Structures are given as C-alpha cells and as structure tokens.
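For reference, the structure is listed below as structure tokens.
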Amino acid sequence: MKKIILLAAIVLSAVAVNAQFSKANLQASGLTCALCTKAINKSLEKLPFVESITVDIKSSNFEILFKKDQPVDIDALRKGVEDAGFSVALLKLKGEFNNVEIKKDSHHTINGVTYHFLAAGKGNLAGEQEITIVDKNFLPAKAFKKYSLSSKMSCVQTGKAGDCCTAEGISAGTRIYHVII
C-alpha cells in the first residue's frame, strides 16, 4: 500500500501536460546592424518547427511562429542564435494550457519536456499563457543570477535533473527548463 501511495505522489508531482506552443518572442543581444539581424533570421528559418519569423531591427526582437503540432526545441532556438554569432537576451513562449496547476518549484512535463516553475505563487494556467525561459544562456548573467537565487534546487544551476528532481520521479540528467510566468 505504501508503494502505491508513493508511486501516485511521484506521478502527480511531475505531471504530464499537453500544451502547444504557438509562438515565441526572442530578443538577441550583440547585434549592431541589419546584417546581424539577417544572419539570425536565416539561422532560425532553418529549424524544422519554425513557420515564420517577423523581425523588429530596432529592438532586436524576433517574433517566431511555430508550425502546428510540431515539437519546439528550445535549445535549438538558442543554438540558432549562437551559430549566427550572437546570444539570447530573452525568450518568451506562448501556448495554450489546459488547467495546469502550478506553484513555486513545481515541475511539469509538457510534450515530453520538463519545466520547473520558479517564483510562482499557486495558480492555474488555462488558455493562452506566456512563460519566460530563465535558464543560463537564455538571458544576461545578472538576470540569471537573480532568478537562480529564487530556488534552492540544484537543477537551476545546471539545467539538468539532480537529486531535487529525481525525488519527484524525473530521471537524473533530464534537461529541465526553468521558467517564470
């Protein structure tokens, strides 16, 4: 009986959720001209899940629409920007959520990808919502430090499941994205 209760607790704590990310707002840093913007745009257009990109050169913002029913690879977005010679300063994802109960330091698996909600009060994500990726290499170092101090869990520093996450049934070494709302 104890094993069944423990198994149920593990399954409920790392809830699998279906959500479809439809678009992203990516801000790049290090751009100095229109050619820089063009290099990032060309790199991102090659990603198989990207439908289209609208660029605002003045703010270095890229509005990215994703193909419907295609899994979004967040690290591939970052790598695309880095391959063009720049870095990500901010990445926000928009998607449809179906009553996802969140709280501070809760983990949720969305389409096979694990997200760790930092600094979140108790709440319910329903309908179109926006989340911001606050992992290392997805924002400036000073901003990362601020968010990394909001949790004592070791996965925040590494982006990989550690002891803090495996207790919730997440496999050690699993890639975890840290997000805020």
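In the structure tokens, chains take the letters A, B, ... in the order shown, each chain's residues start at 1, and ligands count up from 1 in the order shown.
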_Expected answer as a ChimeraX atom specification: helix (DSSP H, G or I) residues in stretch 28-172 of chain A_ = /A:34-45,74-83,141-148,155-158,163-166
Per-residue nearest contacts of stretch 16-94 of chain A to stretch 128-133 of chain A (6 Å; only C-alpha atoms) as a Markdown table:
| residue | atom | partner | partner_atom | distance |
| --- | --- | --- | --- | --- |
| A:Leu91 | CA | A:Ile133 | CA | 5.7 |
| A:Lys92 | CA | A:Thr132 | CA | 4.3 |
| A:Leu93 | CA | A:Ile131 | CA | 5.4 |
| A:Lys94 | CA | A:Glu130 | CA | 4.4 |
Keeping all heavy atoms for every residue in the selection just given, could you write it to a file as an mmCIF file, in the first residue's frame?
data_model
loop_
_atom_site.group_PDB
_atom_site.id
_atom_site.type_symbol
_atom_site.label_atom_id
_atom_site.label_comp_id
_atom_site.auth_asym_id
_atom_site.auth_seq_id
_atom_site.Cartn_x
_atom_site.Cartn_y
_atom_site.Cartn_z
ATOM 1 N N LEU A 91 13.783 35.005 -23.927
ATOM 2 C CA LEU A 91 12.952 34.099 -24.721
ATOM 3 C C LEU A 91 11.651 33.858 -23.988
ATOM 4 O O LEU A 91 11.635 33.345 -22.862
ATOM 5 C CB LEU A 91 13.657 32.768 -24.978
ATOM 6 C CG LEU A 91 12.840 31.734 -25.764
ATOM 7 C CD1 LEU A 91 12.481 32.256 -27.161
ATOM 8 C CD2 LEU A 91 13.584 30.415 -25.863
ATOM 9 N N LYS A 92 10.557 34.258 -24.628
ATOM 10 C CA LYS A 92 9.208 34.042 -24.094
ATOM 11 C C LYS A 92 8.466 33.144 -25.061
ATOM 12 O O LYS A 92 8.492 33.367 -26.275
ATOM 13 C CB LYS A 92 8.463 35.366 -23.941
ATOM 14 C CG LYS A 92 9.087 36.285 -22.925
ATOM 15 C CD LYS A 92 8.274 37.560 -22.784
ATOM 16 C CE LYS A 92 8.891 38.442 -21.696
ATOM 17 N NZ LYS A 92 8.040 39.578 -21.376
ATOM 18 N N LEU A 93 7.781 32.136 -24.514
ATOM 19 C CA LEU A 93 6.989 31.212 -25.320
ATOM 20 C C LEU A 93 5.514 31.397 -24.993
ATOM 21 O O LEU A 93 5.147 31.496 -23.818
ATOM 22 C CB LEU A 93 7.368 29.767 -25.007
ATOM 23 C CG LEU A 93 8.804 29.345 -25.263
ATOM 24 C CD1 LEU A 93 9.060 27.967 -24.702
ATOM 25 C CD2 LEU A 93 9.105 29.375 -26.746
ATOM 26 N N LYS A 94 4.672 31.412 -26.029
ATOM 27 C CA LYS A 94 3.225 31.483 -25.837
ATOM 28 C C LYS A 94 2.611 30.177 -26.273
ATOM 29 O O LYS A 94 2.995 29.606 -27.296
ATOM 30 C CB LYS A 94 2.621 32.607 -26.680
ATOM 31 C CG LYS A 94 2.394 33.860 -25.918
ATOM 32 C CD LYS A 94 1.517 34.813 -26.659
ATOM 33 C CE LYS A 94 1.482 36.087 -25.861
ATOM 34 N NZ LYS A 94 0.947 37.200 -26.592
#
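Distance check against A:Gly127 using only C-alpha atoms: of A:Thr37, A:Ser150, A:Thr114, A:Gln20, the minimum falls on A:Gln20.
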*Find the residues near stretch 40-54 of chain A: any atom within 9 Å, counting only C-alpha atoms, skip ones fewer than 4 places away on the same chain, and give them as a ChimeraX atom specification.*
/A:23,28,35-36,61-73,76-77,80-86
_Option closest in space to A:Cys33, from A:Ile57, A:Leu139, A:Ile181, A:Ile176 [counting only C-alpha atoms]_ = A:Ile57
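Residue nearest A:Cys165, chosen from A:Val88, A:Ala141, A:Val134, A:Met153 and counting only C-alpha atoms: A:Met153.
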_Please list as a ChimeraX atom specification every residue within 12 Å of A:Gly123, counting only C-alpha atoms and excluding residues in the same chain fewer than 6 positions away._
/A:99-104,106,117,181
*Within 12 Å of A:Arg175, counting only C-alpha atoms, which residues show up once you throw out same-chain ones fewer than 3 positions away? Write them as a list in words, please.*
Asp73, Ile74, Asp75, His107, Thr109, Gly112, Val113, Thr114, Tyr115, His116, Asp135, Cys155, Val156, Gln157, Thr158, Gly159, Lys160, Ala161, Gly162, Cys165, Ile170, Ser171, Ala172 and His178 of chain A
Would you output that residue set with N, CA, C and O atoms, as a CSV table (one decimal), in the first residue's frame?
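Generated output (out-v7.csv):
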chain,number,residue,atom,x,y,z
A,73,ASP,N,11.9,22.9,-30.1
A,73,ASP,CA,13.2,22.6,-29.4
A,73,ASP,C,13.8,23.9,-29.0
A,73,ASP,O,14.3,24.7,-29.8
A,74,ILE,N,13.7,24.2,-27.7
A,74,ILE,CA,14.1,25.4,-27.1
A,74,ILE,C,15.6,25.6,-27.2
A,74,ILE,O,16.1,26.7,-27.6
A,75,ASP,N,16.4,24.6,-27.0
A,75,ASP,CA,17.8,24.7,-27.1
A,75,ASP,C,18.2,24.9,-28.6
A,75,ASP,O,19.2,25.6,-28.8
A,107,HIS,N,7.3,21.1,-10.9
A,107,HIS,CA,7.8,20.6,-12.2
A,107,HIS,C,6.6,20.1,-13.0
A,107,HIS,O,5.7,19.4,-12.5
A,109,THR,N,5.8,18.3,-17.0
A,109,THR,CA,6.2,17.8,-18.3
A,109,THR,C,5.2,18.2,-19.3
A,109,THR,O,4.1,17.8,-19.2
A,112,GLY,N,6.6,16.1,-23.4
A,112,GLY,CA,7.9,15.4,-23.2
A,112,GLY,C,9.1,16.2,-22.7
A,112,GLY,O,10.2,15.7,-22.5
A,113,VAL,N,8.8,17.5,-22.4
A,113,VAL,CA,9.9,18.4,-22.0
A,113,VAL,C,9.5,18.9,-20.6
A,113,VAL,O,8.4,19.2,-20.3
A,114,THR,N,10.5,18.8,-19.7
A,114,THR,CA,10.2,19.2,-18.3
A,114,THR,C,10.5,20.7,-18.0
A,114,THR,O,11.6,21.2,-18.4
A,115,TYR,N,9.5,21.3,-17.4
A,115,TYR,CA,9.6,22.7,-17.0
A,115,TYR,C,9.5,22.9,-15.5
A,115,TYR,O,8.7,22.2,-14.9
A,116,HIS,N,10.4,23.7,-14.9
A,116,HIS,CA,10.4,24.0,-13.5
A,116,HIS,C,10.0,25.4,-13.3
A,116,HIS,O,10.6,26.3,-13.8
A,135,ASP,N,16.8,30.2,-17.9
A,135,ASP,CA,18.0,29.3,-17.7
A,135,ASP,C,19.2,30.1,-18.2
A,135,ASP,O,19.1,31.1,-18.9
A,155,CYS,N,19.0,22.0,-9.7
A,155,CYS,CA,18.8,21.9,-11.1
A,155,CYS,C,18.8,23.3,-11.8
A,155,CYS,O,19.1,23.4,-13.0
A,156,VAL,N,18.6,24.3,-11.0
A,156,VAL,CA,18.5,25.7,-11.5
A,156,VAL,C,19.9,26.1,-12.1
A,156,VAL,O,20.0,26.7,-13.1
A,157,GLN,N,21.0,25.7,-11.4
A,157,GLN,CA,22.3,26.0,-11.9
A,157,GLN,C,22.8,25.2,-13.1
A,157,GLN,O,23.5,25.7,-13.9
A,158,THR,N,22.3,23.9,-13.2
A,158,THR,CA,22.8,23.0,-14.2
A,158,THR,C,21.9,22.9,-15.4
A,158,THR,O,22.3,22.5,-16.5
A,159,GLY,N,20.6,23.1,-15.2
A,159,GLY,CA,19.6,22.8,-16.3
A,159,GLY,C,19.3,21.3,-16.5
A,159,GLY,O,18.7,20.9,-17.4
A,160,LYS,N,19.8,20.5,-15.5
A,160,LYS,CA,19.7,19.1,-15.6
A,160,LYS,C,19.1,18.6,-14.3
A,160,LYS,O,19.4,19.1,-13.2
A,161,ALA,N,18.2,17.5,-14.3
A,161,ALA,CA,17.6,17.0,-13.1
A,161,ALA,C,18.7,16.5,-12.2
A,161,ALA,O,19.6,15.7,-12.6
A,162,GLY,N,18.6,16.9,-10.9
A,162,GLY,CA,19.5,16.5,-9.9
A,162,GLY,C,18.7,15.8,-8.8
A,162,GLY,O,17.6,15.3,-9.0
A,165,CYS,N,15.1,16.8,-8.2
A,165,CYS,CA,14.1,16.4,-9.2
A,165,CYS,C,13.8,14.9,-9.2
A,165,CYS,O,12.7,14.5,-9.4
A,170,ILE,N,11.6,12.3,-11.8
A,170,ILE,CA,12.2,12.8,-13.0
A,170,ILE,C,13.6,12.1,-13.1
A,170,ILE,O,14.4,12.1,-12.1
A,171,SER,N,13.9,11.5,-14.2
A,171,SER,CA,15.2,10.8,-14.4
A,171,SER,C,16.4,11.7,-14.3
A,171,SER,O,16.4,12.9,-14.8
A,172,ALA,N,17.4,11.3,-13.6
A,172,ALA,CA,18.6,12.0,-13.4
A,172,ALA,C,19.2,12.4,-14.7
A,172,ALA,O,19.2,11.6,-15.7
A,178,HIS,N,13.9,26.2,-16.8
A,178,HIS,CA,13.4,26.9,-15.6
A,178,HIS,C,12.6,28.1,-16.2
A,178,HIS,O,13.2,28.8,-17.1
*Using atom CA of A:Lys58 and atom CA of A:Lys136 as the two end points, give the distance in Å to one decimal.*
24.8 Å
